[in-house]
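Participant: Input file: target24.tsv. Contents: TSV, C-alpha atoms.
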chain	number	residue	atom	x	y	z
A	1	MET	CA	13.07	-59.99	96.13
A	2	PHE	CA	11.30	-62.72	94.20
A	3	THR	CA	8.24	-62.52	92.00
A	4	ASN	CA	6.04	-65.52	92.77
A	5	TYR	CA	4.10	-67.61	90.27
A	6	ASP	CA	2.38	-70.98	90.34
A	7	ILE	CA	3.84	-71.88	86.95
A	8	VAL	CA	6.73	-70.33	85.04
A	9	ILE	CA	7.17	-71.29	81.42
A	10	ILE	CA	10.65	-70.71	80.03
A	11	GLY	CA	10.41	-69.98	76.31
A	12	GLY	CA	7.95	-67.81	74.41
A	13	GLY	CA	7.51	-70.00	71.37
A	14	ALA	CA	4.74	-72.28	70.11
A	15	ALA	CA	5.12	-74.94	72.83
A	16	GLY	CA	5.44	-72.39	75.64
A	17	PHE	CA	2.32	-70.44	74.68
A	18	PHE	CA	0.25	-73.57	74.06
A	19	THR	CA	1.19	-74.95	77.48
A	20	ALA	CA	0.45	-71.65	79.25
A	21	ILE	CA	-2.94	-71.13	77.58
A	22	ASN	CA	-4.13	-74.68	78.27
A	23	ALA	CA	-2.94	-74.60	81.88
A	24	ALA	CA	-4.69	-71.26	82.49
A	25	GLU	CA	-7.84	-72.54	80.80
A	26	ASN	CA	-7.84	-75.59	83.10
A	27	ASN	CA	-7.42	-73.47	86.23
A	28	LYS	CA	-8.07	-69.75	85.90
A	29	SER	CA	-6.90	-69.04	89.45
A	30	LEU	CA	-3.29	-70.00	88.68
A	31	LYS	CA	-0.67	-67.28	88.34
A	32	ILE	CA	1.31	-68.09	85.17
A	33	ALA	CA	4.22	-66.36	83.44
A	34	ILE	CA	6.00	-66.91	80.14
A	35	LEU	CA	9.66	-65.81	80.13
A	36	GLU	CA	11.12	-65.07	76.70
A	37	ARG	CA	14.79	-64.20	76.27
A	38	GLY	CA	14.26	-62.23	73.03
A	39	LYS	CA	12.54	-58.94	72.39
A	40	GLU	CA	9.75	-60.72	70.48
A	41	VAL	CA	7.71	-63.86	71.16
A	42	LEU	CA	6.58	-66.55	68.69
A	43	THR	CA	9.29	-65.63	66.16
A	44	LYS	CA	9.47	-69.13	64.70
A	45	VAL	CA	5.69	-69.25	64.33
A	46	LYS	CA	5.86	-65.96	62.42
A	47	ILE	CA	8.35	-67.11	59.78
A	48	SER	CA	7.37	-70.78	59.53
A	49	GLY	CA	5.87	-72.03	56.29
A	50	GLY	CA	7.03	-68.93	54.44
A	51	GLY	CA	5.06	-66.69	56.80
A	52	ARG	CA	1.89	-68.80	56.59
A	53	CYS	CA	2.55	-71.10	59.60
A	54	ASN	CA	2.28	-74.79	58.81
A	55	VAL	CA	0.20	-75.57	61.93
A	56	THR	CA	-0.05	-79.35	61.57
A	57	HIS	CA	-0.42	-82.15	59.00
A	58	ALA	CA	-3.59	-83.95	57.87
A	59	GLU	CA	-2.61	-87.33	59.32
A	60	PHE	CA	-5.27	-88.66	61.69
A	61	ILE	CA	-3.95	-92.09	62.71
A	62	PRO	CA	-1.43	-91.99	65.59
A	63	LYS	CA	0.58	-94.95	64.26
A	64	GLU	CA	0.91	-93.24	60.87
A	65	LEU	CA	1.66	-89.83	62.39
A	66	VAL	CA	4.59	-91.06	64.52
A	67	GLY	CA	6.26	-92.39	61.35
A	68	ASN	CA	7.25	-88.80	60.56
A	69	TYR	CA	9.51	-88.47	63.62
A	70	PRO	CA	13.09	-89.76	63.19
A	71	ARG	CA	13.52	-89.17	66.93
A	72	GLY	CA	10.47	-89.56	69.19
A	73	GLU	CA	8.52	-92.10	67.12
A	74	LYS	CA	8.05	-94.62	69.94
A	75	GLU	CA	7.57	-92.04	72.71
A	76	LEU	CA	4.90	-89.97	70.92
A	77	LEU	CA	2.55	-92.86	70.13
A	78	GLY	CA	0.81	-92.72	73.53
A	79	PRO	CA	0.58	-88.89	73.62
A	80	PHE	CA	-0.88	-88.80	70.10
A	81	HIS	CA	-3.71	-91.07	71.25
A	82	LYS	CA	-4.62	-88.31	73.71
A	83	PHE	CA	-4.05	-85.17	71.62
A	84	MET	CA	-3.22	-85.01	67.94
A	85	THR	CA	-4.23	-83.50	64.61
A	86	GLY	CA	-8.02	-83.56	65.01
A	87	ASP	CA	-7.72	-82.06	68.49
A	88	THR	CA	-5.41	-79.32	67.16
A	89	ILE	CA	-7.91	-78.41	64.44
A	90	ASP	CA	-10.73	-78.33	67.01
A	91	TRP	CA	-8.65	-76.27	69.49
A	92	PHE	CA	-7.98	-73.53	66.96
A	93	GLU	CA	-11.52	-73.70	65.54
A	94	LYS	CA	-12.97	-73.00	69.01
A	95	ARG	CA	-10.82	-69.87	69.14
A	96	GLY	CA	-11.93	-68.58	65.76
A	97	VAL	CA	-9.04	-69.92	63.65
A	98	THR	CA	-10.05	-72.18	60.77
A	99	LEU	CA	-7.39	-74.39	59.20
A	100	LYS	CA	-7.29	-75.72	55.64
A	101	ILE	CA	-5.62	-78.79	54.13
A	102	GLU	CA	-3.37	-78.40	51.09
A	103	GLU	CA	-2.79	-81.14	48.49
A	104	ASP	CA	0.37	-82.41	50.18
A	105	GLY	CA	-1.39	-82.70	53.56
A	106	ARG	CA	0.10	-79.60	55.15
A	107	MET	CA	-2.38	-77.49	57.13
A	108	PHE	CA	-2.43	-73.69	57.33
A	109	PRO	CA	-4.82	-71.06	58.64
A	110	VAL	CA	-7.32	-70.13	55.89
A	111	THR	CA	-5.94	-66.59	56.07
A	112	ASP	CA	-2.55	-67.91	54.84
A	113	SER	CA	-0.95	-65.74	57.52
A	114	SER	CA	1.02	-66.81	60.59
A	115	GLN	CA	-0.14	-63.56	62.22
A	116	THR	CA	-3.54	-65.25	62.66
A	117	ILE	CA	-1.95	-67.84	64.96
A	118	ILE	CA	0.08	-65.20	66.81
A	119	ASP	CA	-3.01	-63.01	67.30
A	120	CYS	CA	-4.93	-66.02	68.64
A	121	PHE	CA	-2.21	-66.81	71.19
A	122	MET	CA	-1.75	-63.18	72.27
A	123	SER	CA	-5.48	-62.68	72.67
A	124	GLU	CA	-5.78	-65.87	74.75
A	125	THR	CA	-2.88	-64.94	77.06
A	126	LYS	CA	-4.45	-61.53	77.60
A	127	ARG	CA	-7.91	-63.01	78.25
A	128	LEU	CA	-6.52	-65.51	80.75
A	129	GLY	CA	-4.22	-63.05	82.52
A	130	ILE	CA	-0.96	-64.80	81.65
A	131	ASP	CA	2.10	-62.59	82.15
A	132	VAL	CA	4.27	-62.49	79.04
A	133	ARG	CA	7.72	-61.14	79.90
A	134	LYS	CA	10.15	-60.41	77.06
A	135	ASN	CA	13.91	-59.81	77.31
A	136	HIS	CA	14.09	-62.22	80.26
A	137	SER	CA	17.09	-64.44	79.62
A	138	VAL	CA	17.27	-67.31	82.14
A	139	LYS	CA	20.69	-67.51	83.82
A	140	GLU	CA	20.06	-70.12	86.52
A	141	LEU	CA	17.47	-72.70	87.53
A	142	SER	CA	17.77	-74.04	91.05
A	143	LYS	CA	15.77	-75.44	93.93
A	144	HIS	CA	14.61	-73.04	96.63
A	145	GLU	CA	12.83	-74.79	99.50
A	146	ASN	CA	9.75	-76.39	97.84
A	147	SER	CA	9.89	-74.18	94.76
A	148	TRP	CA	12.06	-73.48	91.75
A	149	LEU	CA	14.13	-70.32	91.61
A	150	ILE	CA	14.49	-68.92	88.10
A	151	THR	CA	17.22	-66.28	87.90
A	152	THR	CA	16.93	-64.05	84.83
A	153	SER	CA	18.62	-60.99	83.36
A	154	GLU	CA	15.65	-58.93	84.58
A	155	GLY	CA	15.00	-60.36	88.04
A	156	ASP	CA	14.30	-63.52	90.01
A	157	PHE	CA	11.16	-65.63	90.00
A	158	LEU	CA	9.85	-68.37	92.26
A	159	ALA	CA	7.48	-71.01	90.95
A	160	GLU	CA	6.08	-74.27	92.24
A	161	LYS	CA	6.29	-75.75	88.73
A	162	VAL	CA	8.45	-74.95	85.70
A	163	VAL	CA	7.96	-75.79	82.03
A	164	VAL	CA	11.00	-75.71	79.76
A	165	ALA	CA	9.93	-74.94	76.20
A	166	THR	CA	13.04	-73.26	74.84
A	167	GLY	CA	13.59	-75.31	71.69
A	168	SER	CA	17.22	-75.84	70.70
A	169	ASN	CA	18.94	-73.66	73.28
A	170	PRO	CA	22.43	-74.80	74.37
A	171	LYS	CA	22.44	-72.52	77.45
A	172	ILE	CA	19.22	-74.05	78.77
A	173	TRP	CA	20.45	-77.57	77.99
A	174	LYS	CA	23.53	-76.76	80.08
A	175	LEU	CA	21.32	-75.70	83.02
A	176	LEU	CA	19.30	-78.90	82.69
A	177	ALA	CA	22.49	-80.97	82.60
A	178	GLN	CA	23.52	-79.32	85.89
A	179	LEU	CA	20.22	-80.59	87.32
A	180	GLY	CA	21.11	-84.16	86.33
A	181	HIS	CA	19.65	-84.48	82.84
A	182	SER	CA	21.51	-86.16	79.99
A	183	ILE	CA	21.59	-84.07	76.83
A	184	GLU	CA	21.90	-85.61	73.38
A	185	ALA	CA	24.33	-83.34	71.51
A	186	PRO	CA	22.48	-81.31	68.86
A	187	VAL	CA	23.08	-81.70	65.13
A	188	PRO	CA	21.14	-80.07	62.25
A	189	SER	CA	18.15	-82.14	61.15
A	190	LEU	CA	16.46	-80.33	58.25
A	191	PHE	CA	18.81	-79.05	55.59
A	192	THR	CA	19.38	-79.00	51.84
A	193	PHE	CA	22.33	-80.56	50.01
A	194	ASN	CA	25.07	-78.42	48.45
A	195	ILE	CA	26.00	-79.96	45.09
A	196	LYS	CA	28.16	-78.47	42.35
A	197	ASP	CA	27.54	-80.57	39.29
A	198	ALA	CA	27.40	-79.63	35.59
A	199	ARG	CA	24.21	-81.70	35.16
A	200	ILE	CA	22.17	-79.41	37.44
A	201	LEU	CA	24.20	-76.18	37.26
A	202	ASP	CA	21.78	-74.38	34.91
A	203	LEU	CA	18.57	-75.91	36.28
A	204	PRO	CA	17.59	-73.88	39.41
A	205	GLY	CA	13.83	-73.99	39.88
A	206	VAL	CA	13.36	-77.33	38.11
A	207	ALA	CA	11.21	-79.65	40.23
A	208	THR	CA	10.16	-83.26	39.71
A	209	GLN	CA	9.28	-86.45	41.59
A	210	ALA	CA	12.33	-88.59	42.32
A	211	SER	CA	13.74	-91.22	44.63
A	212	VAL	CA	17.06	-90.45	46.29
A	213	SER	CA	19.50	-92.71	48.13
A	214	VAL	CA	22.50	-91.88	50.33
A	215	LEU	CA	25.53	-94.07	49.57
A	216	ASP	CA	28.22	-95.07	52.03
A	217	ALA	CA	31.95	-95.04	51.23
A	218	LYS	CA	31.62	-98.44	49.51
A	219	GLY	CA	28.70	-97.29	47.35
A	220	LYS	CA	26.10	-99.21	49.35
A	221	ILE	CA	22.68	-97.60	49.91
A	222	VAL	CA	22.24	-96.65	53.58
A	223	LEU	CA	19.22	-94.31	53.39
A	224	GLU	CA	16.39	-93.92	50.89
A	225	SER	CA	13.68	-91.34	50.34
A	226	GLU	CA	11.20	-90.32	47.66
A	227	GLY	CA	9.03	-87.36	46.82
A	228	PRO	CA	9.31	-83.94	45.18
A	229	LEU	CA	12.92	-82.87	44.48
A	230	LEU	CA	13.80	-79.25	43.75
A	231	ILE	CA	17.02	-78.18	42.04
A	232	THR	CA	18.35	-74.94	43.54
A	233	HIS	CA	21.24	-72.52	42.95
A	234	TRP	CA	23.28	-74.39	45.57
A	235	GLY	CA	22.22	-77.98	44.88
A	236	MET	CA	19.11	-79.97	45.76
A	237	SER	CA	16.18	-79.43	48.11
A	238	GLY	CA	12.51	-80.40	48.40
A	239	PRO	CA	10.81	-83.05	50.57
A	240	ALA	CA	12.82	-85.96	49.09
A	241	ILE	CA	16.06	-84.30	50.28
A	242	LEU	CA	14.72	-82.90	53.56
A	243	LYS	CA	13.45	-86.35	54.58
A	244	LEU	CA	16.95	-87.77	54.05
A	245	SER	CA	18.46	-84.94	56.10
A	246	ALA	CA	16.08	-85.63	58.99
A	247	TRP	CA	16.40	-89.42	59.09
A	248	GLY	CA	20.14	-89.24	58.44
A	249	ALA	CA	20.88	-86.30	60.76
A	250	ARG	CA	23.61	-88.06	62.77
A	251	LEU	CA	24.87	-90.28	59.96
A	252	LEU	CA	25.39	-87.28	57.64
A	253	GLU	CA	26.95	-85.17	60.39
A	254	ALA	CA	29.51	-87.94	60.88
A	255	THR	CA	30.57	-87.54	57.21
A	256	GLN	CA	31.03	-83.77	57.76
A	257	TYR	CA	28.37	-83.42	55.06
A	258	LYS	CA	30.58	-84.93	52.35
A	259	PHE	CA	28.90	-87.96	50.83
A	260	LYS	CA	27.32	-89.26	47.62
A	261	ILE	CA	23.70	-89.61	46.64
A	262	GLN	CA	22.09	-91.61	43.85
A	263	VAL	CA	19.07	-90.07	42.13
A	264	ASN	CA	16.41	-91.97	40.22
A	265	TRP	CA	14.69	-89.22	38.24
A	266	LEU	CA	12.07	-91.78	37.19
A	267	TYR	CA	11.07	-92.56	40.78
A	268	ASP	CA	11.00	-96.38	40.86
A	269	ALA	CA	11.88	-97.44	37.28
A	270	SER	CA	14.81	-99.85	36.93
A	271	GLU	CA	17.82	-99.23	34.70
A	272	GLU	CA	17.09	-102.42	32.74
A	273	ASN	CA	13.48	-101.40	32.01
A	274	ILE	CA	14.57	-97.94	30.89
A	275	VAL	CA	17.19	-99.40	28.50
A	276	GLU	CA	14.36	-101.40	26.88
A	277	ALA	CA	12.08	-98.33	26.80
A	278	LEU	CA	14.83	-96.29	25.12
A	279	LYS	CA	15.36	-99.01	22.48
A	280	THR	CA	11.62	-98.88	21.73
A	281	LEU	CA	11.77	-95.08	21.45
A	282	LYS	CA	14.69	-95.45	19.02
A	283	LEU	CA	12.63	-97.73	16.79
A	284	GLU	CA	9.42	-95.67	16.94
A	285	ASN	CA	10.99	-92.20	16.61
A	286	ALA	CA	13.97	-92.94	14.35
A	287	LYS	CA	13.85	-89.64	12.42
A	288	GLN	CA	13.12	-87.45	15.45
A	289	THR	CA	15.78	-85.42	17.28
A	290	VAL	CA	16.23	-86.99	20.73
A	291	ALA	CA	16.40	-83.61	22.48
A	292	LYS	CA	13.26	-82.18	20.86
A	293	TYR	CA	10.61	-84.08	22.81
A	294	THR	CA	10.92	-84.85	26.50
A	295	GLN	CA	10.38	-88.47	27.49
A	296	PHE	CA	9.11	-90.02	30.76
A	297	GLU	CA	7.32	-86.73	31.66
A	298	LEU	CA	10.59	-85.19	32.82
A	299	PRO	CA	11.08	-81.41	32.87
A	300	LYS	CA	12.50	-80.49	29.44
A	301	ARG	CA	15.65	-78.79	30.74
A	302	LEU	CA	16.48	-81.78	32.93
A	303	TRP	CA	15.95	-84.20	30.02
A	304	GLN	CA	18.29	-82.18	27.80
A	305	SER	CA	20.92	-81.94	30.53
A	306	LEU	CA	20.91	-85.71	31.07
A	307	LEU	CA	21.22	-86.28	27.31
A	308	LYS	CA	24.32	-84.10	27.30
A	309	ALA	CA	25.74	-86.08	30.25
A	310	SER	CA	25.19	-89.25	28.18
A	311	ASN	CA	27.13	-87.83	25.19
A	312	ILE	CA	23.99	-87.41	23.09
A	313	SER	CA	24.21	-84.14	21.16
A	314	GLU	CA	21.32	-81.70	20.69
A	315	ALA	CA	21.15	-82.48	16.96
A	316	GLU	CA	21.34	-86.26	17.31
A	317	LYS	CA	18.44	-88.32	15.96
A	318	TRP	CA	17.11	-91.43	17.70
A	319	ALA	CA	18.23	-93.58	14.76
A	320	ASP	CA	21.85	-92.49	15.26
A	321	THR	CA	22.09	-93.26	18.97
A	322	THR	CA	24.32	-96.15	19.97
A	323	HIS	CA	23.77	-98.86	22.55
A	324	VAL	CA	26.51	-97.26	24.69
A	325	GLN	CA	24.71	-93.89	24.61
A	326	LEU	CA	21.32	-95.38	25.50
A	327	THR	CA	22.82	-97.42	28.34
A	328	ALA	CA	24.54	-94.27	29.64
A	329	LEU	CA	21.24	-92.37	29.44
A	330	ALA	CA	19.37	-95.11	31.32
A	331	GLU	CA	22.01	-94.91	34.04
A	332	GLN	CA	21.74	-91.09	34.23
A	333	LEU	CA	17.96	-91.38	34.50
A	334	THR	CA	17.83	-94.06	37.18
A	335	LYS	CA	21.21	-94.19	38.96
A	336	GLY	CA	22.85	-90.79	38.57
A	337	THR	CA	25.45	-90.25	41.30
A	338	TYR	CA	26.01	-86.75	42.73
A	339	ALA	CA	28.63	-85.63	45.24
A	340	VAL	CA	27.31	-83.62	48.19
A	341	ASN	CA	29.73	-81.16	49.72
A	342	GLY	CA	28.08	-79.27	52.57
A	343	LYS	CA	24.57	-78.26	53.59
A	344	SER	CA	22.38	-75.17	53.67
A	345	THR	CA	19.86	-74.46	56.42
A	346	PHE	CA	16.98	-72.00	56.24
A	347	LYS	CA	16.18	-70.12	59.41
A	348	GLU	CA	12.44	-70.77	59.13
A	349	GLU	CA	12.97	-74.51	58.71
A	350	PHE	CA	15.78	-74.78	61.25
A	351	VAL	CA	15.35	-77.92	63.32
A	352	THR	CA	17.91	-79.87	65.30
A	353	ALA	CA	18.18	-83.47	66.39
A	354	GLY	CA	19.26	-83.45	70.02
A	355	GLY	CA	18.10	-82.34	73.45
A	356	VAL	CA	16.94	-83.91	76.70
A	357	GLN	CA	17.19	-87.68	76.46
A	358	LEU	CA	13.74	-89.22	76.11
A	359	LYS	CA	14.21	-91.95	78.72
A	360	GLU	CA	14.36	-89.15	81.32
A	361	VAL	CA	10.81	-87.96	80.56
A	362	ASP	CA	7.43	-89.40	81.54
A	363	PHE	CA	5.44	-89.14	78.30
A	364	LYS	CA	2.09	-89.43	80.08
A	365	THR	CA	2.72	-86.00	81.63
A	366	PHE	CA	5.89	-84.67	79.94
A	367	GLU	CA	7.37	-84.29	83.43
A	368	SER	CA	11.03	-84.94	84.12
A	369	ARG	CA	11.84	-88.29	85.71
A	370	ILE	CA	14.97	-86.67	87.17
A	371	GLN	CA	13.50	-83.57	88.80
A	372	LYS	CA	9.99	-83.24	90.20
A	373	ASN	CA	7.85	-80.33	88.93
A	374	ILE	CA	9.94	-79.67	85.81
A	375	PHE	CA	8.06	-80.31	82.56
A	376	PHE	CA	9.11	-80.17	78.91
A	377	ALA	CA	7.38	-79.26	75.64
A	378	GLY	CA	8.63	-79.00	72.07
A	379	GLU	CA	12.12	-79.29	70.65
A	380	VAL	CA	13.97	-78.92	73.97
A	381	LEU	CA	13.51	-82.71	73.97
A	382	ASN	CA	15.41	-85.00	71.60
A	383	ILE	CA	12.40	-85.10	69.28
A	384	ASP	CA	12.29	-83.81	65.72
A	385	ALA	CA	10.31	-84.44	62.58
A	386	ILE	CA	10.43	-84.11	58.84
A	387	THR	CA	9.04	-80.93	57.31
A	388	GLY	CA	5.27	-80.53	56.93
A	389	GLY	CA	3.80	-79.33	60.24
A	390	PHE	CA	4.93	-82.28	62.34
A	391	ASN	CA	7.29	-80.33	64.61
A	392	PHE	CA	4.44	-77.99	65.55
A	393	GLN	CA	2.18	-80.97	66.26
A	394	ASN	CA	4.78	-82.26	68.71
A	395	ALA	CA	4.71	-78.83	70.41
A	396	TRP	CA	0.90	-78.80	70.64
A	397	THR	CA	0.68	-82.37	71.98
A	398	GLY	CA	3.46	-81.93	74.55
A	399	GLY	CA	2.11	-78.56	75.64
A	400	TYR	CA	-1.43	-79.85	76.03
A	401	LEU	CA	-0.47	-82.94	78.07
A	402	ALA	CA	1.97	-80.96	80.23
A	403	ALA	CA	-0.83	-78.45	80.93
A	404	GLN	CA	-3.14	-81.30	81.98
A	405	ALA	CA	-0.52	-82.59	84.42
A	406	LEU	CA	0.39	-79.12	85.71
A	407	THR	CA	-3.20	-78.38	86.72
A	408	LYS	CA	-4.13	-81.77	88.13
A	409	THR	CA	-5.08	-81.40	91.80
In structure tokens, what does this structure look like?

Facilitator:
Amino acid sequence: MFTNYDIVIIGGGAAGFFTAINAAENNKSLKIAILERGKEVLTKVKISGGGRCNVTHAEFIPKELVGNYPRGEKELLGPFHKFMTGDTIDWFEKRGVTLKIEEDGRMFPVTDSSQTIIDCFMSETKRLGIDVRKNHSVKELSKHENSWLITTSEGDFLAEKVVVATGSNPKIWKLLAQLGHSIEAPVPSLFTFNIKDARILDLPGVATQASVSVLDAKGKIVLESEGPLLITHWGMSGPAILKLSAWGARLLEATQYKFKIQVNWLYDASEENIVEALKTLKLENAKQTVAKYTQFELPKRLWQSLLKASNISEAEKWADTTHVQLTALAEQLTKGTYAVNGKSTFKEEFVTAGGVQLKEVDFKTFESRIQKNIFFAGEVLNIDAITGGFNFQNAWTGGYLAAQALTKT
């Protein structure tokens, strides 16, 4: 026995719910189901942004917005002209959820609680009569006459149209590969760098603006990033590092996460300019202890650690510093090299590069070019973004446009 639906959405996450709600809103007579393999839905929404849900990012120009997607930049330009940040804000506003913009551009519900987003989605699915079925793990997806047969751990379903919104799910990718899709092998995309180095060992919690470069085996810069950098118990994190991990996802995976980075703690200052600045400080502050007052607006503990690395003692006065010491300090400040040995990934920020190859998707509708009446939304595709609400915006845009196509008569 089959249970029949017009549309079955596989995956009870952000993209799945957004697609279902918009499709049902467009055509209230449609019978729609969301199948979720876990015992809870919207789990990633719940824990994202530290439990606040980073819904989107305050970037309102499509060409600028796509610049935050290491994979999907070209493909999302058209879709973002049809549904992007402003539309997302308006969509939630109409359903009683007001969003706010933080200083760094990230957008959250004014309640600062992801439960607000979850409650909105659950209330909409209930209002629109969408069936939400938990503990339904999809085992097979196959053609059955003019419909799709979805075989699950809890029964079989027939649907005219199917939306795959399962995120990074190897089992579902395998089923899609059996249907003729090419899958780009997944690798982690957002992660922090594990670094054991005496210079940062005692500095967890220290944060500053910096520019960071990844070096190849010959010491040549192959990737660059800038922004806030956070020193942690295990190494380095913060947007400057996470951006490198996203843009360099495949490059860094190829090194088995063993590579070197160069950190300019003074953002864009050159070594030569800093040598001159240090010579001036030596002249102007001759009797002062170098370690007593922080220079260049650096966090004090970081300044003192870099002095130590430059063989400048805590008691040393500016007048007693040598040219060798000041040159070493300028290098530590602008070109410090750190060895990365491994990565750490947080569950709430877990994103992968990989998924259904983008050439196999029509980005006007998010329908498969390989199989008719199969649509995609979210990270099941080989699309991912840097941290800051961009991955959710991809889910909203894909879900909205898929819903438009699903309900077009």

Participant: Quick one: contact table of stretch 357-380 of chain A to stretch 75-97 of chain A, 8 Å max, nearest atom pair and distance in Å to one decimal per residue, counting all atoms listed in the file, chain and number order, as a tab-separated table?

Facilitator:
residue	atom	partner	partner_atom	distance
A:Leu358	CA	A:Glu75	CA	7.6
A:Phe363	CA	A:Glu75	CA	6.6
A:Lys364	CA	A:Pro79	CA	6.7

Participant: For a quick check of understanding, using all atoms listed in the file, which of A:Leu283, A:Leu128, A:Ala377, A:Leu149 has the smallest distance to A:Tyr5?

Facilitator: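 Nearest candidate to A:Tyr5 out of A:Leu283, A:Leu128, A:Ala377, A:Leu149: A:Leu149.
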
Participant: Which value, in Å to one decimal, gives the distance between atom CA of A:Phe60 and atom CA of A:Asp104?

Facilitator: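 Separation between atom CA of A:Phe60 and atom CA of A:Asp104: 14.3 Å.
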
Participant: Check which residues of stretch 120-235 of chain A sit at most 8 Å from stretch 22-42 of chain A using only C-alpha atoms, and return one row each with the closest pair of atoms and their distance in Å to one decimal, ordered by chain and rising number, as JSON lines.

Facilitator:
{"residue": "A:Leu128", "atom": "CA", "partner": "A:Ala24", "partner_atom": "CA", "distance": 6.3}
{"residue": "A:Gly129", "atom": "CA", "partner": "A:Ile32", "partner_atom": "CA", "distance": 7.9}
{"residue": "A:Ile130", "atom": "CA", "partner": "A:Ile32", "partner_atom": "CA", "distance": 5.3}
{"residue": "A:Asp131", "atom": "CA", "partner": "A:Ala33", "partner_atom": "CA", "distance": 4.5}
{"residue": "A:Val132", "atom": "CA", "partner": "A:Ile34", "partner_atom": "CA", "distance": 4.9}
{"residue": "A:Arg133", "atom": "CA", "partner": "A:Leu35", "partner_atom": "CA", "distance": 5.1}
{"residue": "A:Lys134", "atom": "CA", "partner": "A:Glu36", "partner_atom": "CA", "distance": 4.8}
{"residue": "A:Asn135", "atom": "CA", "partner": "A:Arg37", "partner_atom": "CA", "distance": 4.6}
{"residue": "A:His136", "atom": "CA", "partner": "A:Arg37", "partner_atom": "CA", "distance": 4.5}
{"residue": "A:Ser137", "atom": "CA", "partner": "A:Arg37", "partner_atom": "CA", "distance": 4.1}
{"residue": "A:Val138", "atom": "CA", "partner": "A:Arg37", "partner_atom": "CA", "distance": 7.1}

Participant: Any chance you could tabulate, as a Markdown table, the residues of stretch 164-276 of chain A at most 10 Å from stretch 380-392 of chain A with each one's nearest atom pair and distance in Å to one decimal, using only C-alpha atoms, in chain and rising number order?

Facilitator:
| residue | atom | partner | partner_atom | distance |
| --- | --- | --- | --- | --- |
| A:Val164 | CA | A:Val380 | CA | 7.3 |
| A:Ala165 | CA | A:Val380 | CA | 6.1 |
| A:Thr166 | CA | A:Val380 | CA | 5.8 |
| A:Gly167 | CA | A:Val380 | CA | 4.3 |
| A:Ser168 | CA | A:Val380 | CA | 5.5 |
| A:Asn169 | CA | A:Val380 | CA | 7.3 |
| A:Pro170 | CA | A:Val380 | CA | 9.4 |
| A:Ile172 | CA | A:Val380 | CA | 8.6 |
| A:Trp173 | CA | A:Val380 | CA | 7.7 |
| A:Ile183 | CA | A:Asn382 | CA | 8.1 |
| A:Glu184 | CA | A:Asn382 | CA | 6.8 |
| A:Ala185 | CA | A:Asn382 | CA | 9.1 |
| A:Pro186 | CA | A:Asn382 | CA | 8.4 |
| A:Ser189 | CA | A:Asp384 | CA | 7.6 |
| A:Leu190 | CA | A:Ile386 | CA | 7.1 |
| A:Gly238 | CA | A:Thr387 | CA | 9.6 |
| A:Pro239 | CA | A:Thr387 | CA | 7.3 |
| A:Leu242 | CA | A:Ile386 | CA | 6.9 |
| A:Lys243 | CA | A:Ile386 | CA | 5.7 |
| A:Leu244 | CA | A:Ile386 | CA | 8.9 |
| A:Ser245 | CA | A:Ile386 | CA | 8.5 |
| A:Ala246 | CA | A:Ile386 | CA | 5.9 |
| A:Trp247 | CA | A:Ile386 | CA | 8.0 |

Participant: Compare A:Thr19, A:Gly205, A:Gln332, A:Lys279 by their minimum atom-to-atom distance to A:Gly398, counting only C-alpha atoms, and give me the closest one.

Facilitator: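 For A:Gly398, the nearest of the given residues is A:Thr19.
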
Participant: Please tell me which residues are no farther than 6 Å from (7.8, -89.0, 36.9) in the file, counting all atoms listed in the file, and write them as a ChimeraX atom specification.

Facilitator: /A:209,266,297

Participant: Determine the axis-aligned bounding box of all atoms of stretch 224-227 of chain A present in the file, pad each side by 3 Å, and express its centre and edge lengths in Å to one decimal place as AutoDock Vina command-line options.

Facilitator:
--center_x 12.7 --center_y -90.6 --center_z 48.9 --size_x 13.4 --size_y 12.6 --size_z 10.1

Participant: Determine, counting all atoms listed in the file, which protein, DNA and RNA residues have an atom within 6 Å of an atom of A:Leu99; residues of the same chain fewer than 6 positions away are not included. Present the result as JSON, numbers by chain.

Facilitator: {"A": [108, 109, 110]}

Participant: List as an MDAnalysis selection string: which residues have an atom within 12 Å of (23.3, -92.2, 18.1), counting all atoms listed in the file?

Facilitator: chainID A and resid 278:279 282 286:291 307 310:329

Participant: Name the closest residue to A:Phe375 among the candidates A:Ala15, A:Leu333, A:Val351, A:Leu65; distances are taken between atoms, counting all atoms listed in the file.

Facilitator: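 For A:Phe375, the nearest of the given residues is A:Ala15.
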
Participant: What is the atom CA of A:Gly51 to atom CA of A:Ser114 distance in Å?

Facilitator: 5.5 Å

Participant: Out of A:Met122, A:Leu223, A:Leu229, A:Leu306, which residue has the shortest atom-to-atom distance to A:Asp197 when counting only C-alpha atoms?

Facilitator: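 Result for the nearest residue to A:Asp197: A:Leu306.
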
Participant: Between A:Ala240, A:Gly16, A:Asp216, A:Ala269, which residue has the minimum interatomic distance to A:Ala254, considering all atoms listed in the file?

Facilitator: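 The answer is A:Asp216, which sits nearest to A:Ala254.
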
Participant: Between atom CA of A:Ile101 and atom CA of A:Ala14, measure the distance and give it in Å to one decimal.

Facilitator: 20.1 Å

Participant: Smallest atom-to-atom distance to A:Lys335: which of A:Gly219, A:Pro299, A:Gly354, A:Gly13, using only C-alpha atoms?

Facilitator: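 Once distances to A:Lys335 are computed over only C-alpha atoms, the minimum belongs to A:Gly219.
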